[in-house]
$ cat upload_11.pdb   # PDB, C-alpha atoms and all ligand atoms
ATOM      1  CA  MET A 761     132.928  68.124  79.386
ATOM      2  CA  THR A 762     134.253  66.544  76.116
ATOM      3  CA  LYS A 763     135.867  63.697  78.061
ATOM      4  CA  ILE A 764     132.692  62.945  80.002
ATOM      5  CA  ASN A 765     130.623  62.705  76.801
ATOM      6  CA  LYS A 766     132.746  59.755  75.607
ATOM      7  CA  THR A 767     130.671  57.130  77.386
ATOM      8  CA  GLY A 768     126.961  56.581  76.997
ATOM      9  CA  LYS A 769     126.367  56.434  80.740
ATOM     10  CA  LYS A 770     128.024  59.747  81.299
ATOM     11  CA  GLU A 771     126.031  61.297  78.435
ATOM     12  CA  ALA A 772     122.857  60.132  80.152
ATOM     13  CA  PHE A 773     124.058  61.737  83.366
ATOM     14  CA  ILE A 774     124.723  65.012  81.514
ATOM     15  CA  ASN A 775     121.232  64.836  79.995
ATOM     16  CA  LEU A 776     119.784  64.348  83.453
ATOM     17  CA  ILE A 777     121.561  67.481  84.675
ATOM     18  CA  THR A 778     120.235  69.419  81.655
ATOM     19  CA  ILE A 779     116.683  68.252  82.386
ATOM     20  CA  GLY A 780     117.180  69.221  86.024
ATOM     21  CA  LYS A 781     118.304  72.709  85.049
ATOM     22  CA  ILE A 782     115.320  73.180  82.719
ATOM     23  CA  LEU A 783     112.900  72.069  85.430
ATOM     24  CA  LYS A 784     114.626  74.318  87.960
ATOM     25  CA  GLY A 785     114.179  77.231  85.538
ATOM     26  CA  ARG A 786     110.471  76.421  85.229
ATOM     27  CA  ALA A 787     110.156  76.207  89.025
ATOM     28  CA  THR A 788     111.648  79.692  89.296
ATOM     29  CA  GLN A 789     109.124  80.996  86.764
ATOM     30  CA  ILE A 790     106.251  79.409  88.687
ATOM     31  CA  VAL A 791     107.343  80.990  91.967
ATOM     32  CA  SER A 792     107.683  84.430  90.402
ATOM     33  CA  VAL A 793     104.054  84.178  89.224
ATOM     34  CA  VAL A 794     102.982  83.002  92.689
ATOM     35  CA  ASP A 795     105.025  85.810  94.275
ATOM     36  CA  ARG A 796     103.218  88.367  92.111
ATOM     37  CA  TRP A 797      99.851  86.911  93.029
ATOM     38  CA  GLU A 798     100.727  86.936  96.693
ATOM     39  CA  ALA A 799     101.838  90.572  96.569
ATOM     40  CA  GLU A 800      98.351  91.436  95.367
ATOM     41  CA  ARG A 801      96.583  88.990  97.673
ATOM     42  CA  GLY A 802      94.293  91.700  99.057
ATOM     43  CA  ASN A 803      92.611  91.894  95.638
ATOM     44  CA  ARG A 804      92.304  88.117  95.119
ATOM     45  CA  SER A 805      89.245  85.919  95.481
ATOM     46  CA  LYS A 806      89.128  82.967  97.907
ATOM     47  CA  VAL A 807      89.402  80.496  94.983
ATOM     48  CA  GLU A 808      92.550  82.187  93.691
ATOM     49  CA  LEU A 809      94.093  82.236  97.187
ATOM     50  CA  PHE A 810      93.321  78.504  97.522
ATOM     51  CA  ILE A 811      95.022  77.689  94.172
ATOM     52  CA  MET A 812      97.947  79.904  95.110
ATOM     53  CA  LYS A 813      98.506  77.981  98.335
ATOM     54  CA  TYR A 814      98.832  74.650  96.485
ATOM     55  CA  MET A 815     101.005  76.113  93.704
ATOM     56  CA  ARG A 816     103.460  77.163  96.389
ATOM     57  CA  ILE A 817     103.563  73.605  97.799
ATOM     58  CA  LEU A 818     104.123  72.272  94.267
ATOM     59  CA  TYR A 819     106.893  74.784  93.678
ATOM     60  CA  ARG A 820     108.636  73.845  96.905
ATOM     61  CA  MET A 821     108.537  70.146  95.944
ATOM     62  CA  ILE A 822     110.087  70.898  92.549
ATOM     63  CA  ARG A 823     112.624  73.211  94.107
ATOM     64  CA  ARG A 824     113.711  70.688  96.733
ATOM     65  CA  THR A 825     114.056  67.957  94.109
ATOM     66  CA  PHE A 826     116.136  70.016  91.686
ATOM     67  CA  TRP A 827     117.923  72.561  93.865
ATOM     68  CA  CYS A 828     121.230  70.692  93.459
ATOM     69  CA  PHE A 829     121.260  71.467  89.731
ATOM     70  CA  ALA A 830     120.880  75.197  90.235
ATOM     71  CA  ASP A 831     123.788  77.601  89.940
ATOM     72  CA  SER A 832     125.013  79.132  93.186
ATOM     73  CA  PRO A 833     123.595  82.674  93.464
ATOM     74  CA  LYS A 834     126.022  85.399  92.430
ATOM     75  CA  CYS A 835     127.385  87.734  95.134
ATOM     76  CA  PRO A 836     125.513  91.047  94.585
ATOM     77  CA  ILE A 837     128.599  93.041  95.671
ATOM     78  CA  CYS A 838     131.609  91.383  93.980
ATOM     79  CA  SER A 839     129.832  89.005  91.514
ATOM     80  CA  ALA A 840     131.771  85.956  92.805
ATOM     81  CA  ARG A 841     130.097  82.552  92.488
ATOM     82  CA  SER A 842     132.042  80.936  95.337
ATOM     83  CA  ASN A 843     129.176  81.224  97.806
ATOM     84  CA  LYS A 844     128.260  79.007 100.719
ATOM     85  CA  TYR A 845     124.764  78.417 102.082
ATOM     86  CA  VAL A 846     124.745  79.689 105.709
ATOM     87  CA  THR A 847     121.226  79.524 107.091
ATOM     88  CA  ARG A 848     117.642  80.336 106.308
ATOM     89  CA  ASN A 849     114.802  82.273 107.889
ATOM     90  CA  THR A 850     111.142  81.661 107.104
ATOM     91  CA  LYS A 851     111.397  83.703 103.893
ATOM     92  CA  TYR A 852     114.890  83.425 102.489
ATOM     93  CA  ARG A 853     118.056  81.339 102.069
ATOM     94  CA  ILE A 854     121.176  83.229 103.183
ATOM     95  CA  TYR A 855     124.587  82.754 101.534
ATOM     96  CA  LEU A 856     128.120  83.856 102.421
ATOM     97  CA  CYS A 857     130.399  85.136  99.656
ATOM     98  CA  GLY A 858     133.760  83.353  99.850
ATOM     99  CA  SER A 859     135.431  86.338  98.222
ATOM    100  CA  CYS A 860     134.220  89.488 100.043
ATOM    101  CA  ASN A 861     132.465  88.006 103.156
ATOM    102  CA  HIS A 862     129.148  89.567 102.185
ATOM    103  CA  LYS A 863     126.134  87.635 103.465
ATOM    104  CA  PHE A 864     123.075  87.950 101.257
ATOM    105  CA  VAL A 865     119.668  86.508 100.454
ATOM    106  CA  GLY A 866     120.049  84.136  97.508
ATOM    107  CA  ASN A 867     116.355  84.018  96.606
ATOM    108  CA  PRO A 868     114.906  87.526  97.129
ATOM    109  CA  TRP A 869     111.263  88.175  96.323
ATOM    110  CA  GLN A 870     110.404  90.353  93.354
ATOM    111  CA  GLU A 871     111.026  94.042  93.925
ATOM    112  CA  GLU A 872     107.362  95.075  93.754
ATOM    113  CA  ARG A 873     106.454  92.466  96.365
ATOM    114  CA  ILE A 874     109.276  93.645  98.645
ATOM    115  CA  TYR A 875     108.126  97.264  98.338
ATOM    116  CA  SER A 876     104.592  96.183  99.247
ATOM    117  CA  LEU A 877     105.972  95.191 102.697
ATOM    118  CA  TYR A 878     106.967  98.776 103.446
ATOM    119  CA  GLN A 879     103.591 100.382 102.837
ATOM    120  CA  GLY A 880     101.211 101.897 105.397
ATOM    121  CA  ILE A 881     101.475 103.773 108.682
ATOM    122  CA  ASP A 882     101.979 100.449 110.496
ATOM    123  CA  TYR A 883     105.498 100.290 109.088
ATOM    124  CA  PHE A 884     106.255 103.677 110.684
ATOM    125  CA  LYS A 885     104.979 102.321 114.023
ATOM    126  CA  LYS A 886     107.067  99.125 113.731
ATOM    127  CA  ASP A 887     110.128 101.169 112.841
ATOM    128  CA  ARG A 888     109.865 103.976 115.403
ATOM    129  CA  GLN A 889     107.772 103.037 118.415
ATOM    130  CA  HIS A 890     110.474 100.907 120.028
ATOM    131  CA  GLN A 891     112.475 104.125 120.316
ATOM    132  CA  GLY A 892     109.671 105.804 122.222
ATOM    133  CA  ILE A 893     108.419 107.708 119.187
ATOM    134  CA  PHE A 894     104.665 107.662 118.719
ATOM    135  CA  SER A 895     104.000 110.935 116.942
ATOM    136  CA  VAL A 896     105.548 112.549 113.899
ATOM    137  CA  GLN A 897     105.242 116.033 115.342
ATOM    138  CA  ASP A 898     106.238 115.679 119.011
ATOM    139  CA  ASP A 899     109.814 117.066 118.936
ATOM    140  CA  LYS A 900     110.537 115.844 122.495
ATOM    141  CA  GLN A 901     110.213 112.188 121.423
ATOM    142  CA  TRP A 902     112.618 112.705 118.531
ATOM    143  CA  GLU A 903     115.441 114.484 120.416
ATOM    144  CA  GLY A 904     117.877 111.538 120.787
ATOM    145  CA  PHE A 905     117.122 110.111 117.365
ATOM    146  CA  ILE A 906     117.696 113.386 115.484
ATOM    147  CA  LYS A 907     120.766 114.248 117.580
ATOM    148  CA  ASP A 908     122.401 110.888 116.662
ATOM    149  CA  ARG A 909     121.722 111.289 112.950
ATOM    150  CA  TRP A 910     122.826 114.942 112.888
ATOM    151  CA  ASN A 911     126.053 114.103 114.774
ATOM    152  CA  SER A 912     126.840 111.272 112.373
ATOM    153  CA  LEU A 913     126.444 113.628 109.389
ATOM    154  CA  VAL A 914     128.712 116.262 110.927
ATOM    155  CA  LYS A 915     131.314 113.836 112.338
ATOM    156  CA  ASN A 916     131.645 112.014 109.017
ATOM    157  CA  GLY A 917     132.134 115.316 107.175
ATOM    158  CA  ILE A 918     128.919 115.054 105.150
ATOM    159  CA  LEU A 919     127.349 118.312 106.431
ATOM    160  CA  CYS A 920     128.824 121.227 108.373
ATOM    161  CA  SER A 921     127.236 122.507 111.590
ATOM    162  CA  SER A 922     126.030 125.748 109.970
ATOM    163  CA  PRO A 923     125.916 126.014 106.165
ATOM    164  CA  SER A 924     127.328 129.288 104.803
ATOM    165  CA  ARG A 925     125.715 128.779 101.385
ATOM    166  CA  SER A 926     122.764 126.864  99.950
ATOM    167  CA  VAL A 927     123.553 123.166 100.363
ATOM    168  CA  ARG A 928     121.297 120.692  98.589
ATOM    169  CA  CYS A 929     121.067 117.261 100.178
ATOM    170  CA  LEU A 930     119.138 114.050  99.624
ATOM    171  CA  GLU A 931     118.108 111.387 102.150
ATOM    172  CA  VAL A 932     117.486 107.959 100.626
ATOM    173  CA  GLY A 933     114.762 106.101 102.566
ATOM    174  CA  CYS A 934     113.785 109.185 104.596
ATOM    175  CA  CYS A 935     110.543 107.644 106.003
ATOM    176  CA  GLU A 936     108.449 110.472 107.580
ATOM    177  CA  GLY A 937     111.178 113.078 106.900
ATOM    178  CA  LYS A 938     111.850 114.181 110.472
ATOM    179  CA  LEU A 939     115.578 114.593 109.735
ATOM    180  CA  LEU A 940     114.728 116.578 106.585
ATOM    181  CA  ALA A 941     112.593 118.951 108.683
ATOM    182  CA  TYR A 942     115.483 119.397 111.137
ATOM    183  CA  LEU A 943     117.939 120.116 108.299
ATOM    184  CA  LYS A 944     115.498 122.554 106.733
ATOM    185  CA  LYS A 945     115.464 124.527 110.010
ATOM    186  CA  LYS A 946     119.280 124.543 109.938
ATOM    187  CA  GLY A 947     119.176 126.163 106.485
ATOM    188  CA  TYR A 948     119.742 123.136 104.270
ATOM    189  CA  ASP A 949     117.827 122.514 101.050
ATOM    190  CA  ALA A 950     116.875 118.937 101.986
ATOM    191  CA  ILE A 951     114.803 116.485  99.967
ATOM    192  CA  GLY A 952     114.032 112.802 100.557
ATOM    193  CA  CYS A 953     112.769 109.735  98.746
ATOM    194  CA  ASP A 954     110.919 106.770 100.203
ATOM    195  CA  VAL A 955     108.813 103.876  98.872
ATOM    196  CA  ASN A 956     106.094 104.158 101.549
ATOM    197  CA  LYS A 957     103.315 106.279 100.043
ATOM    198  CA  ASP A 958     101.396 106.863 103.301
ATOM    199  CA  ILE A 959     104.542 107.899 105.199
ATOM    200  CA  CYS A 960     105.526 110.299 102.391
ATOM    201  CA  ASN A 961     102.087 111.924 102.496
ATOM    202  CA  LEU A 962     102.124 112.116 106.310
ATOM    203  CA  GLY A 963     105.573 113.775 106.354
ATOM    204  CA  LYS A 964     104.660 116.262 103.638
ATOM    205  CA  LYS A 965     101.411 117.197 105.405
ATOM    206  CA  LYS A 966     102.585 117.343 109.039
ATOM    207  CA  LEU A 967     106.210 118.469 108.621
ATOM    208  CA  GLY A 968     106.045 120.409 105.356
ATOM    209  CA  VAL A 969     109.039 118.517 103.934
ATOM    210  CA  ASN A 970     109.783 117.604 100.331
ATOM    211  CA  ILE A 971     109.585 113.817  99.822
ATOM    212  CA  ILE A 972     109.419 111.953  96.514
ATOM    213  CA  ASN A 973     107.471 108.684  96.745
ATOM    214  CA  THR A 974     109.842 106.765  94.449
ATOM    215  CA  PRO A 975     112.626 104.232  95.096
ATOM    216  CA  ILE A 976     116.082 105.756  94.547
ATOM    217  CA  GLU A 977     116.723 103.518  91.520
ATOM    218  CA  LYS A 978     113.771 105.137  89.726
ATOM    219  CA  CYS A 979     114.268 108.763  90.835
ATOM    220  CA  ASP A 980     115.030 111.206  88.031
ATOM    221  CA  PHE A 981     116.709 114.146  89.786
ATOM    222  CA  PRO A 982     118.974 116.254  87.546
ATOM    223  CA  LEU A 983     122.466 114.767  87.337
ATOM    224  CA  GLU A 984     125.091 116.212  89.687
ATOM    225  CA  SER A 985     122.444 118.252  91.513
ATOM    226  CA  PHE A 986     123.205 117.303  95.150
ATOM    227  CA  ASP A 987     126.041 118.364  97.461
ATOM    228  CA  SER A 988     125.491 115.429  99.784
ATOM    229  CA  ILE A 989     123.489 112.220  99.939
ATOM    230  CA  PHE A 990     122.895 110.065 103.001
ATOM    231  CA  SER A 991     120.929 106.995 103.928
ATOM    232  CA  PHE A 992     120.381 105.290 107.280
ATOM    233  CA  HIS A 993     119.463 101.602 107.486
ATOM    234  CA  THR A 994     118.103 101.421 103.955
ATOM    235  CA  PHE A 995     120.690  99.817 101.659
ATOM    236  CA  GLU A 996     120.405  96.439 103.403
ATOM    237  CA  HIS A 997     116.744  96.349 102.245
ATOM    238  CA  LEU A 998     117.487  96.939  98.545
ATOM    239  CA  VAL A 999     117.515  94.204  95.908
ATOM    240  CA  ASP A1000     120.374  95.921  94.049
ATOM    241  CA  PRO A1001     122.378  98.138  96.448
ATOM    242  CA  VAL A1002     125.221  98.644  93.933
ATOM    243  CA  GLY A1003     122.746  99.869  91.278
ATOM    244  CA  ALA A1004     121.194 102.255  93.844
ATOM    245  CA  LEU A1005     124.653 103.534  94.795
ATOM    246  CA  MET A1006     125.476 104.192  91.128
ATOM    247  CA  ARG A1007     122.287 106.257  90.887
ATOM    248  CA  CYS A1008     123.420 108.265  93.963
ATOM    249  CA  PHE A1009     126.822 108.764  92.312
ATOM    250  CA  GLN A1010     125.094 110.265  89.251
ATOM    251  CA  PHE A1011     123.032 112.643  91.416
ATOM    252  CA  LEU A1012     126.081 113.926  93.361
ATOM    253  CA  ARG A1013     128.160 116.846  92.128
ATOM    254  CA  ILE A1014     131.940 116.449  91.946
ATOM    255  CA  GLY A1015     133.319 116.959  95.447
ATOM    256  CA  GLY A1016     129.957 115.850  96.889
ATOM    257  CA  LYS A1017     129.900 113.266  99.688
ATOM    258  CA  ILE A1018     127.803 110.250 100.563
ATOM    259  CA  LEU A1019     127.171 108.506 103.896
ATOM    260  CA  LEU A1020     125.447 105.163 104.377
ATOM    261  CA  GLU A1021     124.722 103.515 107.703
ATOM    262  CA  VAL A1022     124.141  99.756 107.467
ATOM    263  CA  PRO A1023     123.856  97.088 110.180
ATOM    264  CA  SER A1024     126.910  94.841 110.601
ATOM    265  CA  ASP A1025     125.703  92.532 113.370
ATOM    266  CA  ASP A1026     125.136  88.802 112.777
ATOM    267  CA  ASN A1027     122.126  88.981 115.117
ATOM    268  CA  GLU A1028     120.317  90.647 112.209
ATOM    269  CA  LEU A1029     120.551  87.491 110.057
ATOM    270  CA  MET A1030     117.062  86.542 111.160
ATOM    271  CA  ASN A1031     115.668  89.967 110.237
ATOM    272  CA  GLU A1032     113.481  88.964 107.319
ATOM    273  CA  ASP A1033     113.293  92.514 105.954
ATOM    274  CA  HIS A1034     117.043  92.527 105.241
ATOM    275  CA  LEU A1035     118.471  91.207 101.968
ATOM    276  CA  HIS A1036     122.103  92.133 102.735
ATOM    277  CA  PHE A1037     124.351  91.640 105.767
ATOM    278  CA  PHE A1038     127.421  93.751 105.123
ATOM    279  CA  SER A1039     130.919  92.933 106.319
ATOM    280  CA  VAL A1040     133.524  95.700 106.607
ATOM    281  CA  ASN A1041     135.072  94.221 103.471
ATOM    282  CA  SER A1042     131.883  94.070 101.389
ATOM    283  CA  GLY A1043     130.738  97.546 102.523
ATOM    284  CA  ARG A1044     134.099  99.017 101.609
ATOM    285  CA  LEU A1045     134.165  97.136  98.310
ATOM    286  CA  MET A1046     130.696  98.382  97.371
ATOM    287  CA  LEU A1047     131.639 102.055  97.839
ATOM    288  CA  GLU A1048     135.081 101.676  96.290
ATOM    289  CA  SER A1049     133.624  99.978  93.206
ATOM    290  CA  VAL A1050     131.479 103.072  92.531
ATOM    291  CA  PHE A1051     133.371 106.001  94.112
ATOM    292  CA  GLY A1052     136.954 104.692  94.109
ATOM    293  CA  ASN A1053     137.312 105.530  97.823
ATOM    294  CA  CYS A1054     135.648 104.688 101.134
ATOM    295  CA  ASN A1055     135.902 105.344 104.871
ATOM    296  CA  VAL A1056     134.478 102.868 107.352
ATOM    297  CA  LYS A1057     133.556 103.716 110.956
ATOM    298  CA  GLU A1058     131.945 101.416 113.492
ATOM    299  CA  ASN A1059     128.773 102.415 115.320
ATOM    300  CA  PHE A1060     125.876 101.000 117.355
ATOM    301  CA  TYR A1061     122.108 101.272 117.031
ATOM    302  CA  THR A1062     118.948  99.880 118.616
ATOM    303  CA  ASN A1063     116.902  97.481 116.465
ATOM    304  CA  ALA A1064     113.106  96.990 116.364
ATOM    305  CA  GLN A1065     113.276  94.561 119.332
ATOM    306  CA  GLY A1066     115.156  97.160 121.390
ATOM    307  CA  LYS A1067     118.518  95.292 121.137
ATOM    308  CA  ARG A1068     121.779  97.255 120.889
ATOM    309  CA  LEU A1069     123.588  96.047 117.771
ATOM    310  CA  SER A1070     126.634  97.032 115.752
ATOM    311  CA  SER A1071     126.438  98.981 112.510
ATOM    312  CA  MET A1072     128.901 100.871 110.339
ATOM    313  CA  TYR A1073     129.130 104.172 108.553
ATOM    314  CA  LEU A1074     130.397 103.960 104.984
ATOM    315  CA  SER A1075     131.330 107.292 103.457
ATOM    316  CA  ALA A1076     132.929 108.401 100.191
ATOM    317  CA  GLU A1077     133.579 111.460  98.063
ATOM    318  CA  LYS A1078     132.846 111.845  94.345
ATOM    319  CA  LEU A1079     136.204 112.693  92.803
ATOM    320  CA  SER A1080     135.373 112.443  89.084
ATOM    321  CA  THR A1081     132.352 112.092  86.782
ATOM    322  CA  ALA A1082     133.285 108.549  85.729
ATOM    323  CA  ILE A1083     132.742 105.482  87.883
ATOM    324  CA  PRO A1084     136.196 103.883  88.351
ATOM    325  CA  SER A1085     136.486 101.112  85.751
ATOM    326  CA  SER A1086     139.014  98.985  87.627
ATOM    327  CA  GLN A1087     137.419  96.706  90.213
ATOM    328  CA  PRO A1088     139.093  97.133  93.615
ATOM    329  CA  ARG A1089     140.559  94.081  95.299
ATOM    330  CA  SER A1090     138.355  92.382  97.847
TER     331      SER A1090
HETATM  332 ZN    ZN A1101     131.298  88.966  97.271
END

$ encode --input "upload_11.pdb" --output "structure tokens" --more "lines below"
Ligand SMILES: [Zn+2]
Amino acid sequence: MTKINKTGKKEAFINLITIGKILKGRATQIVSVVDRWEAERGNRSKVELFIMKYMRILYRMIRRTFWCFADSPKCPICSARSNKYVTRNTKYRIYLCGSCNHKFVGNPWQEERIYSLYQGIDYFKKDRQHQGIFSVQDDKQWEGFIKDRWNSLVKNGILCSSPSRSVRCLEVGCCEGKLLAYLKKKGYDAIGCDVNKDICNLGKKKLGVNIINTPIEKCDFPLESFDSIFSFHTFEHLVDPVGALMRCFQFLRIGGKILLEVPSDDNELMNEDHLHFFSVNSGRLMLESVFGNCNVKENFYTNAQGKRLSSMYLSAEKLSTAIPSSQPRS
């Protein structure tokens, strides 16, 4: 930088970059305000919605003009900056981390706006009806679904087929809590958390399960109070999956185990609900950075369009109270 500042022309160029960065910062602030407005659009007047529409156009113009001055978004798994723009969907720009092969959304919406997408019974319908599930209570419809989840918990060593003592477990992103109800019948002390208020209430009322309507990052369970924690197709939706995993680590007792199932299929890149597209490497790195160990197993699942896609199970055991300080190699 010192060498470049030697000539007046180059100083002017540096100044231009500085101005660009400032304007880019302002553009980001504008869009966060617009994002907040949009998240609450149901409560807005027609005049406000009209202004909002044009602010978004203005933001996009500023963004397109100054995007080249912006820093490359940081990889949310390994913090590397060597990221390459891959593609975009109608909501987000997707980047590939050159270090751990994690694909991620570089411009996620604000957390509260993202959570607003998962509200209401309609989300339950979108999520479940493609699997032939139309009712929370009809056990027949749920047979295959529950069997798959139960088998994955047993096969990955997270739960045993019949608990000989009281085992306390937590499902992150439990939706209506059908798996919790099944585990309760098996003798487990199962609890869940989910951001969808209506689904939580429906599950509690119809299935008699214990669900906390709070995102995992904000849950305040006693530390080291769970024997096992599991989560199916949830971590790819989180803004900060590593932060959420650290919270899970705190809630697990020593010797406790965790299982996450995340999609690993590039066909999901156009799924606008997903903020993360894990590779085997980035999934492993995420668990190893918190637990110091990780097992990866490949699997398949059916997505909302009824397509059979690949996913993976990531499991780990809590071996000590401290999160390993040394970063594993990617
Ligand atoms: Zn990375």

$ residues_near_ligand --input "upload_11.pdb" --ligand "ligand ZN 1101 (chain A)" --cutoff "7 Å" --atoms "only C-alpha atoms and all ligand atoms" --output "number ranges by chain"
A: 835-840, 857-862, 1042

$ atom_distance --input "upload_11.pdb" --atom1 "CA of Tyr855 in chain A" --atom2 "CA of Asn843 in chain A"
6.1 Å

$ closest_residue --input "upload_11.pdb" --among "A:Pro1023, A:Gly785, A:Gly1015, A:Pro833" --to "Val865 in chain A" --atoms "all atoms listed in the file"
A:Pro833

$ atom_distance --input "upload_11.pdb" --atom1 "CA of Leu1045 in chain A" --atom2 "CA of Pro1084 in chain A"
12.2 Å

$ closest_residue --input "upload_11.pdb" --among "A:Glu1048, A:Glu1077, A:Asp954, A:Asp898" --to "Tyr875 in chain A" --atoms "all atoms listed in the file"
A:Asp954

$ atom_distance --input "upload_11.pdb" --atom1 "CA of Val955 in chain A" --atom2 "CA of Leu1019 in chain A"
19.6 Å

$ closest_residue --input "upload_11.pdb" --among "A:Val807, A:Cys920, A:Cys1054, A:Ile976" --to "Gln1010 in chain A" --atoms "all atoms listed in the file"
A:Ile976

$ closest_residue --input "upload_11.pdb" --among "A:Ser988, A:Gln901, A:Thr1062, A:Ser832" --to "Asp1025 in chain A" --atoms "only C-alpha atoms"
A:Thr1062

$ residues_around --input "upload_11.pdb" --residues "Ile918 in chain A" --least-positions-apart "4" --cutoff "9 Å" --atoms "only C-alpha atoms" --output "list in words"
Ser912, Leu913, Val914, Asp987, Ser988, Ile989, Phe990, Gly1016, Lys1017, Ile1018, Leu1019 and Ser1075 of chain A

$ resolve_selection --input "upload_11.pdb" --expression "the PyMOL selection byres (((chain A and resi 926) around 12) and not hetatm)" --output "VMD selection string"
chain A and resid 919 to 920 922 to 925 927 to 929 943 to 944 946 to 950 986 to 988

$ write_last_selection --input "upload_11.pdb" --atoms "C-alpha atoms" --output "PDB file, keeping the file's coordinate frame"
ATOM      1  CA  LEU A 919     127.349 118.312 106.431  1.00  0.00           C
ATOM      2  CA  CYS A 920     128.824 121.227 108.373  1.00  0.00           C
ATOM      3  CA  SER A 922     126.030 125.748 109.970  1.00  0.00           C
ATOM      4  CA  PRO A 923     125.916 126.014 106.165  1.00  0.00           C
ATOM      5  CA  SER A 924     127.328 129.288 104.803  1.00  0.00           C
ATOM      6  CA  ARG A 925     125.715 128.779 101.385  1.00  0.00           C
ATOM      7  CA  VAL A 927     123.553 123.166 100.363  1.00  0.00           C
ATOM      8  CA  ARG A 928     121.297 120.692  98.589  1.00  0.00           C
ATOM      9  CA  CYS A 929     121.067 117.261 100.178  1.00  0.00           C
ATOM     10  CA  LEU A 943     117.939 120.116 108.299  1.00  0.00           C
ATOM     11  CA  LYS A 944     115.498 122.554 106.733  1.00  0.00           C
ATOM     12  CA  LYS A 946     119.280 124.543 109.938  1.00  0.00           C
ATOM     13  CA  GLY A 947     119.176 126.163 106.485  1.00  0.00           C
ATOM     14  CA  TYR A 948     119.742 123.136 104.270  1.00  0.00           C
ATOM     15  CA  ASP A 949     117.827 122.514 101.050  1.00  0.00           C
ATOM     16  CA  ALA A 950     116.875 118.937 101.986  1.00  0.00           C
ATOM     17  CA  PHE A 986     123.205 117.303  95.150  1.00  0.00           C
ATOM     18  CA  ASP A 987     126.041 118.364  97.461  1.00  0.00           C
ATOM     19  CA  SER A 988     125.491 115.429  99.784  1.00  0.00           C
TER      20      SER A 988
END

$ axis_aligned_box --input "upload_11.pdb" --around "range 1019-1028 of chain A" --padding-each-side "4 Å" --output "AutoDock Vina command-line options"
--center_x 123.7 --center_y 98.7 --center_z 109.5 --size_x 14.9 --size_y 27.7 --size_z 19.2

$ closest_residue --input "upload_11.pdb" --among "A:Phe773, A:Phe1051, A:Tyr1061, A:Phe1009" --to "Glu1028 in chain A" --atoms "only C-alpha atoms"
A:Tyr1061

$ residues_around --input "upload_11.pdb" --residues "Arg1007 in chain A" --least-positions-apart "4" --cutoff "9 Å" --atoms "all atoms listed in the file" --output "list in words"
Ile976, Glu977, Lys978, Cys979, Val1002, Gly1003, Phe1011 and Leu1012 of chain A

$ resolve_selection --input "upload_11.pdb" --expression "the PyMOL selection byres (((chain A and resi 1029-1032) around 10) and not hetatm)" --output "VMD selection string"
chain A and resid 846 to 852 854 863 to 865 997 1024 to 1028 1033 to 1037 1063 to 1064

$ closest_residue --input "upload_11.pdb" --among "A:Leu1069, A:Val969, A:Leu1005, A:Ile774" --to "Glu936 in chain A" --atoms "all atoms listed in the file"
A:Val969

$ residues_around --input "upload_11.pdb" --residues "Ile1014 in chain A" --least-positions-apart "2" --cutoff "8 Å" --atoms "only C-alpha atoms" --output "list in words"
Glu984, Leu1012, Gly1016, Lys1078, Leu1079, Ser1080 and Thr1081 of chain A

$ residues_near_point --input "upload_11.pdb" --point "(132.8, 97.2, 106.0)" --cutoff "9 Å" --atoms "all atoms listed in the file" --output "number ranges by chain"
A: 1024, 1038-1046, 1055-1058, 1072-1074

$ resolve_selection --input "upload_11.pdb" --expression "the PyMOL selection byres (((chain A and resi 952) around 8) and not hetatm)" --output "PyMOL selection string"
chain A and resi 930-934+937+940+950-951+953-954+970-972

$ write_last_selection --input "upload_11.pdb" --atoms "C-alpha atoms" --output "tab-separated table (two decimals), in the coordinates of the input"
chain	number	residue	atom	x	y	z
A	930	LEU	CA	119.14	114.05	99.62
A	931	GLU	CA	118.11	111.39	102.15
A	932	VAL	CA	117.49	107.96	100.63
A	933	GLY	CA	114.76	106.10	102.57
A	934	CYS	CA	113.78	109.18	104.60
A	937	GLY	CA	111.18	113.08	106.90
A	940	LEU	CA	114.73	116.58	106.58
A	950	ALA	CA	116.88	118.94	101.99
A	951	ILE	CA	114.80	116.48	99.97
A	953	CYS	CA	112.77	109.74	98.75
A	954	ASP	CA	110.92	106.77	100.20
A	970	ASN	CA	109.78	117.60	100.33
A	971	ILE	CA	109.58	113.82	99.82
A	972	ILE	CA	109.42	111.95	96.51

$ residues_around --input "upload_11.pdb" --residues "range 876-887 of chain A" --least-positions-apart "4" --cutoff "8 Å" --atoms "all atoms listed in the file" --output "PyMOL selection string"
chain A and resi 799+872+894+935-936+955-959+1064

$ build_atoms --input "upload_11.pdb" --residues "range 1010-1014 of chain A" --atoms "N, CA and C atoms" --output "compact mmCIF listing (two decimals), in the coordinates of the input"
# COMPACT_ATOMS: atom_id res chain seq x y z
N GLN A 1010 125.50 109.38 90.35
CA GLN A 1010 125.09 110.26 89.25
C GLN A 1010 124.45 111.55 89.76
N PHE A 1011 123.73 111.46 90.88
CA PHE A 1011 123.03 112.64 91.42
C PHE A 1011 123.96 113.59 92.17
N LEU A 1012 125.14 113.09 92.59
CA LEU A 1012 126.08 113.93 93.36
C LEU A 1012 126.94 114.79 92.44
N ARG A 1013 127.21 116.01 92.88
CA ARG A 1013 128.16 116.85 92.13
C ARG A 1013 129.59 116.37 92.46
N ILE A 1014 130.55 116.80 91.64
CA ILE A 1014 131.94 116.45 91.95
C ILE A 1014 132.34 117.15 93.24
